[in-house]
>>> print(open('work-v8.cif').read())   # mmCIF, C-alpha atoms and all ligand atoms
data_my_file
#
loop_
_atom_site.label_atom_id
_atom_site.label_comp_id
_atom_site.auth_asym_id
_atom_site.auth_seq_id
_atom_site.Cartn_x
_atom_site.Cartn_y
_atom_site.Cartn_z
CA MET H 1 -34.70 -31.06 75.56
CA SER H 2 -37.70 -31.55 73.25
CA ASP H 3 -38.17 -29.22 70.27
CA ALA H 4 -41.93 -29.69 70.51
CA LEU H 5 -42.50 -26.78 72.90
CA MET H 6 -43.07 -23.26 71.58
CA PRO H 7 -39.71 -21.68 72.41
CA VAL H 8 -41.09 -18.58 74.15
CA TYR H 9 -39.16 -19.31 77.35
CA ASN H 10 -35.44 -19.49 77.98
CA ARG H 11 -35.58 -22.36 80.44
CA ALA H 12 -32.90 -23.09 83.01
CA PRO H 13 -31.22 -26.44 82.28
CA VAL H 14 -32.36 -28.17 85.46
CA VAL H 15 -35.23 -30.58 86.19
CA PHE H 16 -36.84 -30.72 89.62
CA ASP H 17 -38.52 -33.84 90.83
CA ARG H 18 -40.15 -32.68 94.07
CA GLY H 19 -40.36 -29.81 96.49
CA LYS H 20 -40.88 -29.28 100.18
CA GLY H 21 -41.36 -25.85 101.73
CA SER H 22 -38.65 -23.53 100.41
CA TRP H 23 -36.60 -26.36 98.89
CA LEU H 24 -36.57 -28.05 95.49
CA TYR H 25 -34.91 -31.39 94.76
CA THR H 26 -33.67 -32.99 91.56
CA ALA H 27 -34.21 -36.72 91.02
CA GLU H 28 -30.56 -37.18 92.07
CA GLY H 29 -31.32 -35.43 95.38
CA THR H 30 -29.52 -32.11 94.79
CA GLU H 31 -31.14 -29.51 97.07
CA TYR H 32 -31.89 -25.98 95.83
CA LEU H 33 -33.06 -23.09 97.99
CA ASP H 34 -36.07 -21.64 96.17
CA CYS H 35 -36.32 -17.84 96.17
CA VAL H 36 -38.45 -17.91 93.00
CA ALA H 37 -41.47 -19.75 94.45
CA GLY H 38 -43.05 -20.11 91.01
CA ILE H 39 -42.66 -16.32 90.60
CA ALA H 40 -44.29 -15.32 93.90
CA THR H 41 -46.95 -17.96 93.47
CA ASN H 42 -46.14 -20.79 95.88
CA GLY H 43 -46.77 -18.45 98.79
CA LEU H 44 -46.70 -21.28 101.32
CA GLY H 45 -43.84 -23.18 99.69
CA HIS H 46 -44.00 -26.51 97.94
CA ALA H 47 -46.25 -29.39 98.98
CA HIS H 48 -47.73 -27.66 102.02
CA PRO H 49 -49.54 -30.49 103.84
CA ALA H 50 -52.77 -28.51 104.33
CA LEU H 51 -52.92 -27.60 100.63
CA VAL H 52 -52.13 -31.15 99.53
CA ALA H 53 -54.90 -32.43 101.80
CA ALA H 54 -57.42 -29.85 100.51
CA LEU H 55 -56.64 -30.69 96.88
CA THR H 56 -56.67 -34.46 97.24
CA GLU H 57 -59.84 -34.44 99.31
CA GLN H 58 -61.66 -32.34 96.71
CA ALA H 59 -60.19 -34.44 93.87
CA GLY H 60 -62.17 -37.42 95.13
CA LYS H 61 -65.44 -35.44 95.11
CA ILE H 62 -65.98 -32.99 92.22
CA TRP H 63 -63.38 -31.44 89.89
CA HIS H 64 -65.51 -29.33 87.66
CA LEU H 65 -69.11 -28.20 87.54
CA SER H 66 -69.57 -25.06 85.40
CA ASN H 67 -70.71 -21.73 86.68
CA VAL H 68 -74.28 -22.51 85.73
CA PHE H 69 -74.33 -24.18 89.15
CA ARG H 70 -73.58 -22.81 92.58
CA VAL H 71 -70.00 -23.51 93.69
CA PRO H 72 -69.99 -23.20 97.49
CA GLY H 73 -66.19 -22.77 97.60
CA GLN H 74 -66.55 -19.58 95.50
CA GLU H 75 -69.11 -18.15 97.88
CA LEU H 76 -66.87 -18.91 100.86
CA LEU H 77 -63.75 -17.40 99.28
CA ALA H 78 -65.59 -14.35 97.94
CA ASP H 79 -66.92 -13.68 101.44
CA LYS H 80 -63.38 -13.90 102.85
CA LEU H 81 -61.83 -11.69 100.15
CA THR H 82 -64.46 -9.00 100.48
CA ALA H 83 -64.34 -9.07 104.30
CA ALA H 84 -60.56 -8.53 104.12
CA SER H 85 -60.58 -5.73 101.52
CA PHE H 86 -62.37 -2.69 100.09
CA ALA H 87 -64.32 -4.92 97.71
CA ASP H 88 -67.95 -6.12 97.66
CA ILE H 89 -67.93 -8.38 94.59
CA VAL H 90 -65.58 -11.06 93.19
CA PHE H 91 -65.22 -12.81 89.83
CA PHE H 92 -63.00 -15.90 89.69
CA GLY H 93 -60.82 -16.83 86.72
CA ASN H 94 -57.81 -19.08 86.29
CA SER H 95 -54.94 -16.63 85.99
CA GLY H 96 -53.72 -13.12 86.52
CA SER H 97 -54.31 -12.11 82.92
CA GLU H 98 -57.93 -13.16 83.16
CA ALA H 99 -58.36 -11.08 86.31
CA ILE H 100 -56.94 -8.10 84.38
CA GLU H 101 -59.29 -8.71 81.43
CA CYS H 102 -62.24 -8.70 83.81
CA ALA H 103 -60.99 -5.48 85.43
CA ILE H 104 -60.61 -3.69 82.08
CA LYS H 105 -63.98 -4.91 80.84
CA ALA H 106 -65.70 -3.87 84.08
CA ALA H 107 -64.14 -0.39 83.90
CA ARG H 108 -65.19 0.28 80.31
CA ARG H 109 -68.67 -1.13 80.80
CA TYR H 110 -69.11 0.97 83.93
CA HIS H 111 -68.83 4.13 81.87
CA SER H 112 -70.77 2.74 78.93
CA SER H 113 -73.68 1.84 81.20
CA ARG H 114 -73.64 5.37 82.60
CA GLY H 115 -74.02 6.93 79.18
CA ALA H 116 -70.33 7.64 78.52
CA PRO H 117 -69.21 4.96 76.02
CA GLU H 118 -66.45 7.31 74.81
CA ARG H 119 -64.66 6.74 78.12
CA ILE H 120 -62.37 3.86 77.11
CA ASP H 121 -58.85 5.00 78.05
CA ILE H 122 -56.97 2.69 80.37
CA ILE H 123 -54.02 4.63 81.78
CA GLY H 124 -50.99 2.43 82.46
CA PHE H 125 -47.32 2.89 83.29
CA SER H 126 -43.90 2.21 81.88
CA GLY H 127 -42.26 -0.79 83.52
CA SER H 128 -45.62 -2.32 84.40
CA PHE H 129 -46.67 -5.89 83.66
CA HIS H 130 -50.28 -6.99 83.54
CA GLY H 131 -50.11 -10.30 81.69
CA ARG H 132 -49.99 -11.76 78.19
CA THR H 133 -53.52 -11.70 76.83
CA TYR H 134 -54.23 -9.18 74.09
CA GLY H 135 -55.80 -6.69 76.48
CA ALA H 136 -53.13 -7.20 79.11
CA ILE H 137 -50.19 -6.60 76.74
CA ASN H 138 -51.83 -3.35 75.63
CA ALA H 139 -52.14 -2.25 79.25
CA SER H 140 -48.56 -3.28 80.07
CA GLY H 141 -45.68 -0.84 79.95
CA ASN H 142 -43.25 -2.95 77.96
CA PRO H 143 -43.59 -2.31 74.20
CA THR H 144 -41.67 -5.49 73.29
CA TYR H 145 -44.71 -7.55 74.39
CA LEU H 146 -46.68 -5.90 71.54
CA GLU H 147 -44.12 -6.46 68.78
CA GLY H 148 -45.53 -8.17 65.73
CA PHE H 149 -49.02 -8.54 67.12
CA GLY H 150 -50.63 -5.82 65.06
CA PRO H 151 -51.59 -2.31 66.06
CA ARG H 152 -51.96 -1.25 69.65
CA LEU H 153 -55.61 -1.51 70.69
CA PRO H 154 -57.39 1.83 70.97
CA GLY H 155 -57.85 3.31 74.41
CA PHE H 156 -54.57 2.44 76.11
CA VAL H 157 -52.38 5.27 77.38
CA GLN H 158 -48.83 4.76 78.62
CA LEU H 159 -47.13 7.17 81.02
CA SER H 160 -44.10 7.31 83.27
CA PRO H 161 -44.97 7.05 86.99
CA ASP H 162 -42.69 10.07 87.48
CA ASP H 163 -44.59 12.33 85.05
CA VAL H 164 -47.13 13.65 87.53
CA GLU H 165 -48.48 16.37 85.23
CA ALA H 166 -49.14 13.94 82.37
CA ILE H 167 -50.88 11.57 84.80
CA ARG H 168 -53.14 14.32 86.04
CA ALA H 169 -53.99 15.37 82.47
CA ALA H 170 -54.75 11.79 81.41
CA ILE H 171 -57.02 11.20 84.41
CA TYR H 172 -59.02 14.35 83.67
CA ALA H 173 -59.26 13.64 79.91
CA PRO H 174 -62.88 13.22 78.72
CA THR H 175 -62.03 9.78 77.28
CA ALA H 176 -60.49 8.37 80.49
CA ALA H 177 -62.04 5.19 81.91
CA ALA H 178 -59.57 3.89 84.47
CA LEU H 179 -56.00 3.98 85.71
CA ILE H 180 -54.21 0.68 86.27
CA VAL H 181 -51.15 0.36 88.48
CA GLU H 182 -49.18 -2.20 90.47
CA PRO H 183 -48.61 -0.72 93.96
CA VAL H 184 -45.28 -2.56 93.80
CA GLN H 185 -44.12 -3.31 90.25
CA GLY H 186 -43.11 -6.97 90.00
CA GLU H 187 -41.68 -7.93 86.61
CA GLY H 188 -40.56 -4.33 86.08
CA GLY H 189 -37.98 -4.75 88.84
CA ALA H 190 -39.62 -4.50 92.27
CA ARG H 191 -40.31 -0.77 92.22
CA ALA H 192 -42.53 0.24 95.17
CA LEU H 193 -44.74 3.29 94.72
CA SER H 194 -45.05 5.63 97.70
CA GLY H 195 -48.21 6.08 99.74
CA GLU H 196 -48.19 9.71 98.67
CA TRP H 197 -48.21 8.74 94.96
CA LEU H 198 -50.96 6.16 95.42
CA ARG H 199 -53.12 8.58 97.42
CA GLN H 200 -52.68 11.44 94.93
CA VAL H 201 -53.77 9.20 92.06
CA ARG H 202 -56.69 7.89 94.14
CA ASP H 203 -57.89 11.41 94.84
CA TRP H 204 -57.65 12.50 91.20
CA CYS H 205 -59.49 9.38 89.99
CA THR H 206 -62.30 9.96 92.48
CA ASP H 207 -62.53 13.62 91.54
CA ALA H 208 -62.54 12.90 87.79
CA GLY H 209 -65.06 10.08 88.14
CA ILE H 210 -62.79 7.39 86.70
CA LEU H 211 -61.97 4.02 88.22
CA LEU H 212 -58.74 3.02 89.92
CA ILE H 213 -57.52 -0.52 89.25
CA HIS H 214 -54.76 -2.04 91.35
CA ASP H 215 -52.91 -4.99 89.88
CA GLU H 216 -52.01 -6.86 93.07
CA ILE H 217 -51.43 -10.14 91.27
CA GLN H 218 -47.84 -10.24 92.49
CA SER H 219 -47.85 -7.75 95.39
CA GLY H 220 -51.04 -9.09 96.99
CA MET H 221 -51.80 -12.14 99.12
CA GLY H 222 -49.29 -11.32 101.83
CA ARG H 223 -46.23 -10.73 99.63
CA THR H 224 -45.40 -7.33 101.17
CA GLY H 225 -46.35 -8.18 104.76
CA LYS H 226 -49.93 -6.91 104.51
CA LEU H 227 -52.63 -8.96 102.83
CA PHE H 228 -52.64 -6.41 99.99
CA ALA H 229 -49.81 -3.96 99.33
CA HIS H 230 -52.02 -0.87 99.16
CA GLN H 231 -53.15 -1.62 102.73
CA TRP H 232 -49.82 -0.23 103.93
CA PHE H 233 -51.30 3.20 103.32
CA ASP H 234 -54.59 4.82 104.28
CA GLY H 235 -56.82 6.42 101.72
CA CYS H 236 -55.61 4.75 98.54
CA ALA H 237 -57.84 1.67 98.13
CA PRO H 238 -58.81 1.01 94.50
CA ASP H 239 -62.25 0.44 92.96
CA ILE H 240 -61.13 -2.76 91.23
CA MET H 241 -58.26 -5.12 92.04
CA ALA H 242 -56.73 -8.07 90.22
CA VAL H 243 -55.37 -10.90 92.36
CA ALA H 244 -53.84 -14.23 91.34
CA LYS H 245 -50.41 -15.87 91.85
CA ALA H 246 -50.32 -16.76 95.59
CA LEU H 247 -54.14 -16.82 95.80
CA GLY H 248 -54.08 -20.55 95.07
CA GLY H 249 -50.76 -21.27 96.76
CA GLY H 250 -49.54 -22.64 93.40
CA PHE H 251 -52.83 -23.92 92.02
CA PRO H 252 -54.03 -21.81 89.07
CA VAL H 253 -56.67 -19.31 90.12
CA GLY H 254 -57.23 -15.58 89.77
CA ALA H 255 -59.82 -13.11 90.99
CA CYS H 256 -61.13 -9.71 90.04
CA LEU H 257 -62.41 -7.81 93.09
CA ALA H 258 -64.53 -4.70 92.85
CA THR H 259 -66.78 -2.39 94.75
CA LYS H 260 -70.48 -2.82 94.10
CA GLU H 261 -70.52 0.46 92.22
CA ALA H 262 -67.52 -0.32 89.98
CA ALA H 263 -68.95 -3.75 89.14
CA ALA H 264 -72.49 -2.47 88.63
CA ALA H 265 -72.46 -3.02 84.86
CA MET H 266 -71.16 -6.60 85.09
CA THR H 267 -74.63 -8.06 84.88
CA PHE H 268 -75.88 -11.45 83.67
CA GLY H 269 -74.16 -12.42 80.42
CA ALA H 270 -71.50 -9.67 80.55
CA HIS H 271 -68.62 -12.02 81.36
CA GLY H 272 -67.85 -15.64 82.10
CA SER H 273 -65.37 -18.49 82.31
CA THR H 274 -65.61 -22.25 81.91
CA PHE H 275 -62.96 -23.23 84.43
CA GLY H 276 -62.93 -20.07 86.58
CA GLY H 277 -63.61 -20.77 90.23
CA ASN H 278 -63.71 -24.54 89.79
CA PRO H 279 -64.08 -26.66 92.94
CA LEU H 280 -60.43 -27.83 92.94
CA ALA H 281 -59.11 -24.25 92.76
CA MET H 282 -61.57 -23.11 95.42
CA ALA H 283 -60.68 -25.94 97.82
CA VAL H 284 -56.99 -25.04 97.67
CA ALA H 285 -57.52 -21.26 97.64
CA ASN H 286 -59.82 -21.31 100.68
CA THR H 287 -57.19 -23.25 102.61
CA ALA H 288 -54.36 -21.03 101.36
CA PHE H 289 -56.33 -17.89 102.27
CA ALA H 290 -56.75 -18.96 105.89
CA LEU H 291 -53.00 -19.56 106.21
CA ILE H 292 -51.84 -16.44 104.35
CA ALA H 293 -54.29 -14.00 105.95
CA ASP H 294 -53.19 -15.28 109.37
CA GLU H 295 -51.49 -12.38 111.17
CA ALA H 296 -48.62 -14.71 112.16
CA THR H 297 -47.80 -15.32 108.48
CA LEU H 298 -47.93 -11.62 107.64
CA ALA H 299 -45.74 -10.80 110.66
CA ASN H 300 -43.25 -13.43 109.50
CA VAL H 301 -43.10 -11.78 106.08
CA ARG H 302 -42.27 -8.45 107.68
CA THR H 303 -39.50 -9.76 109.96
CA VAL H 304 -37.90 -12.14 107.45
CA ALA H 305 -38.10 -9.47 104.74
CA GLU H 306 -36.24 -7.02 106.94
CA ARG H 307 -33.55 -9.62 107.70
CA LEU H 308 -33.17 -10.42 104.02
CA SER H 309 -33.17 -6.80 102.83
CA ASN H 310 -30.67 -5.72 105.49
CA GLY H 311 -28.41 -8.64 104.61
CA LEU H 312 -28.63 -7.83 100.91
CA ALA H 313 -27.89 -4.16 101.57
CA ALA H 314 -24.75 -5.22 103.48
CA ILE H 315 -23.72 -7.47 100.58
CA ALA H 316 -24.29 -4.56 98.20
CA GLU H 317 -21.80 -2.53 100.24
CA ARG H 318 -19.22 -5.29 100.07
CA TYR H 319 -19.82 -5.86 96.33
CA PRO H 320 -20.39 -2.43 94.75
CA ASP H 321 -18.90 -3.89 91.55
CA ILE H 322 -21.79 -6.41 91.35
CA VAL H 323 -24.82 -4.84 93.08
CA VAL H 324 -26.08 -1.24 92.76
CA ASP H 325 -29.35 -1.23 94.67
CA VAL H 326 -31.70 -3.27 96.84
CA ARG H 327 -35.38 -2.30 96.64
CA GLY H 328 -38.95 -3.53 96.72
CA LYS H 329 -41.34 -4.16 99.58
CA GLY H 330 -41.67 -7.11 101.96
CA LEU H 331 -40.67 -10.36 100.25
CA LEU H 332 -40.90 -8.78 96.81
CA ILE H 333 -37.23 -7.85 96.71
CA GLY H 334 -35.32 -6.54 93.70
CA VAL H 335 -31.55 -6.44 93.57
CA LYS H 336 -30.32 -4.23 90.76
CA MET H 337 -27.11 -5.62 89.30
CA VAL H 338 -24.09 -3.97 87.74
CA THR H 339 -23.26 -7.18 85.92
CA ASN H 340 -25.79 -9.03 83.73
CA ASN H 341 -28.77 -10.27 85.76
CA ARG H 342 -29.30 -13.41 83.63
CA GLU H 343 -25.68 -14.44 84.15
CA PHE H 344 -26.11 -13.83 87.88
CA MET H 345 -29.16 -16.11 87.97
CA ALA H 346 -27.12 -18.89 86.32
CA ALA H 347 -24.23 -18.30 88.74
CA ALA H 348 -26.67 -18.45 91.68
CA ARG H 349 -27.89 -21.85 90.45
CA GLU H 350 -24.28 -23.05 90.72
CA GLN H 351 -24.55 -22.10 94.41
CA LEU H 352 -27.88 -24.03 94.58
CA LEU H 353 -29.84 -20.79 95.00
CA LEU H 354 -32.80 -20.00 92.73
CA VAL H 355 -33.60 -16.32 92.06
CA ALA H 356 -35.92 -14.74 89.47
CA GLY H 357 -35.10 -12.11 86.85
CA GLY H 358 -36.71 -8.70 86.53
CA GLY H 359 -36.68 -5.45 84.59
CA GLU H 360 -33.92 -2.83 84.88
CA ASN H 361 -31.31 -5.60 85.17
CA CYS H 362 -32.67 -6.78 88.53
CA VAL H 363 -32.79 -10.19 90.08
CA ARG H 364 -35.79 -10.76 92.34
CA LEU H 365 -35.98 -12.72 95.57
CA LEU H 366 -39.55 -13.93 96.08
CA PRO H 367 -39.32 -16.69 98.69
CA PRO H 368 -42.39 -18.29 100.28
CA LEU H 369 -44.17 -16.20 102.92
CA ASN H 370 -43.29 -18.80 105.58
CA PHE H 371 -39.55 -18.51 104.81
CA SER H 372 -37.65 -18.96 108.08
CA ALA H 373 -34.88 -16.78 109.52
CA ALA H 374 -32.45 -19.68 109.06
CA GLU H 375 -33.47 -20.01 105.41
CA ALA H 376 -33.03 -16.26 104.93
CA ASP H 377 -29.50 -16.51 106.36
CA GLU H 378 -28.75 -19.44 104.06
CA ALA H 379 -30.09 -17.48 101.07
CA LEU H 380 -27.79 -14.58 102.02
CA ARG H 381 -24.76 -16.89 102.27
CA ARG H 382 -25.49 -18.32 98.84
CA PHE H 383 -26.20 -14.88 97.39
CA GLU H 384 -22.86 -13.59 98.67
CA ALA H 385 -21.06 -16.70 97.38
CA THR H 386 -22.62 -15.94 93.98
CA CYS H 387 -21.33 -12.35 94.13
CA ALA H 388 -17.84 -13.69 94.89
CA ALA H 389 -18.05 -16.17 92.00
CA VAL H 390 -19.21 -13.45 89.60
CA ARG H 391 -16.43 -11.11 90.81
CA ALA H 392 -13.88 -13.85 90.10
CA THR H 393 -15.01 -13.93 86.45
CA LEU H 394 -14.44 -10.15 86.02
CA ALA H 395 -11.10 -9.39 84.40
C1 LIG M 401 -47.87 -12.57 86.85
C2 LIG M 401 -48.54 -11.26 86.70
C3 LIG M 401 -49.61 -11.07 85.81
C4 LIG M 401 -50.08 -12.15 84.86
O1 LIG M 401 -50.56 -13.28 85.51
P1 LIG M 401 -50.74 -14.65 84.70
O2 LIG M 401 -51.26 -15.61 85.72
O3 LIG M 401 -49.39 -15.03 84.16
O4 LIG M 401 -51.70 -14.41 83.60
C5 LIG M 401 -50.22 -9.83 85.77
N1 LIG M 401 -49.81 -8.83 86.57
C6 LIG M 401 -48.80 -8.97 87.45
C7 LIG M 401 -48.41 -7.84 88.33
C8 LIG M 401 -48.12 -10.19 87.53
O5 LIG M 401 -47.09 -10.31 88.37
#
>>> encode(input="work-v8.cif", output="structure tokens", more="lines below")
Ligand SMILES: *Cc1c(COP(=O)(O)O)cnc(C)c1O
Amino acid sequence: MSDALMPVYNRAPVVFDRGKGSWLYTAEGTEYLDCVAGIATNGLGHAHPALVAALTEQAGKIWHLSNVFRVPGQELLADKLTAASFADIVFFGNSGSEAIECAIKAARRYHSSRGAPERIDIIGFSGSFHGRTYGAINASGNPTYLEGFGPRLPGFVQLSPDDVEAIRAAIYAPTAAALIVEPVQGEGGARALSGEWLRQVRDWCTDAGILLIHDEIQSGMGRTGKLFAHQWFDGCAPDIMAVAKALGGGFPVGACLATKEAAAAMTFGAHGSTFGGNPLAMAVANTAFALIADEATLANVRTVAERLSNGLAAIAERYPDIVVDVRGKGLLIGVKMVTNNREFMAAAREQLLLVAGGGENCVRLLPPLNFSAAEADEALRRFEATCAAVRATLA
């Protein structure tokens, strides 16, 4: 392994050469079942023929233009995203963190433009993850991401999702600008918030005149079996929403969606991006959107997720010494371990099964949205074999 990479990742000692659907292959031909999917990003699996065709066709035409020109693919995708959600307006960036930056900037500028520049507080939650830019680490609920990077930026409030009274007080504070929440926490360990919680917070934000931001970077784009996770519940749609990960089916792209009112202050010159919404990203994302928003895909997520979750719950019963809890929503599944989650991930690799890590000692299963029932059964077999192997190592 080269020493020339900044060692900010603890990389698994395996090199993949190609992928197809839910499977990854080494150059030697060893076949791994992929329940990581680029951390919920390759929503349609690897090398989906329609995405490959969209990318290669666009690659022969125009890669990059700049947003000083019209990019028809952006107009198409923005129309689709707004037609399928609460939103009226979209800004395209290249990543989740950039979508979050746009959301935070839009929220603060909204109040500033309405004569309340003192409203800067972004209310976030413990266990949340919003990305790695300077703004995003301040909004995130994991203090280790801030270590050594200087003081916390002003105007970021951190609360527990269980502290309802503190949440209410923060929302009604005269300095509040917005509340940011993942309807299903991803990196934090697949914690799904209830419809009741989301609706209560929605109502308070509306009443207090502050904006509600949903971070659906991981939970959106079909991951939970609805196009966006908050759509499981009535009456809790946000004012602003960050989307990325599966939006490009594995090609880097992110989007900040907003209502016309919430985005009203994002006028000419207020924001921008060189690469955001480039023609390559738009070609792939438009194709991915059509496939992911297809009701057949979303229905598959719901049925396969149930099969997988039920199977994992049964394994948890057989291995109470290894697994304590199975949680999450749709194909954003968290399995809370008794034993060390990192060691479990390595043991799963021995069984040719790839799973992701997560907070609270979870491993996450985030397979592609077109995961088949047979693949789910195979994942369960390999997961149980991993439990047996881990049990064998316990004294
Ligand atoms: C991955 C993720 C981000 C950050 O996205 P990047 O593309 O890595 O910048 C933000 N929020 C959530 C919920 C995520 O899962």
>>> closest_residue(input="work-v8.cif", among="H:Asn278, H:Thr259, H:Gln185, H:Asn370", to="ligand LIG 401 (chain M)", atoms="all atoms listed in the file")
H:Gln185
>>> closest_residue(input="work-v8.cif", among="H:Ala136, H:Ala374, H:Ala84, H:Val201", to="ligand LIG 401 (chain M)", atoms="only C-alpha atoms and all ligand atoms")
H:Ala136
>>> closest_residue(input="work-v8.cif", among="H:Glu295, H:Glu350, H:Asp88, H:Asp17", to="Ala258 of chain H", atoms="all atoms listed in the file")
H:Asp88
>>> residues_near_ligand(input="work-v8.cif", ligand="ligand LIG 401 (chain M)", cutoff="6 Å", atoms="only C-alpha atoms and all ligand atoms", output="ChimeraX atom specification")
/H:95-97,129-131,186,215,217-218
>>> closest_residue(input="work-v8.cif", among="H:Gly334, H:Gly93, H:Gly148, H:Pro161", to="Asn361 of chain H", atoms="only C-alpha atoms")
H:Gly334
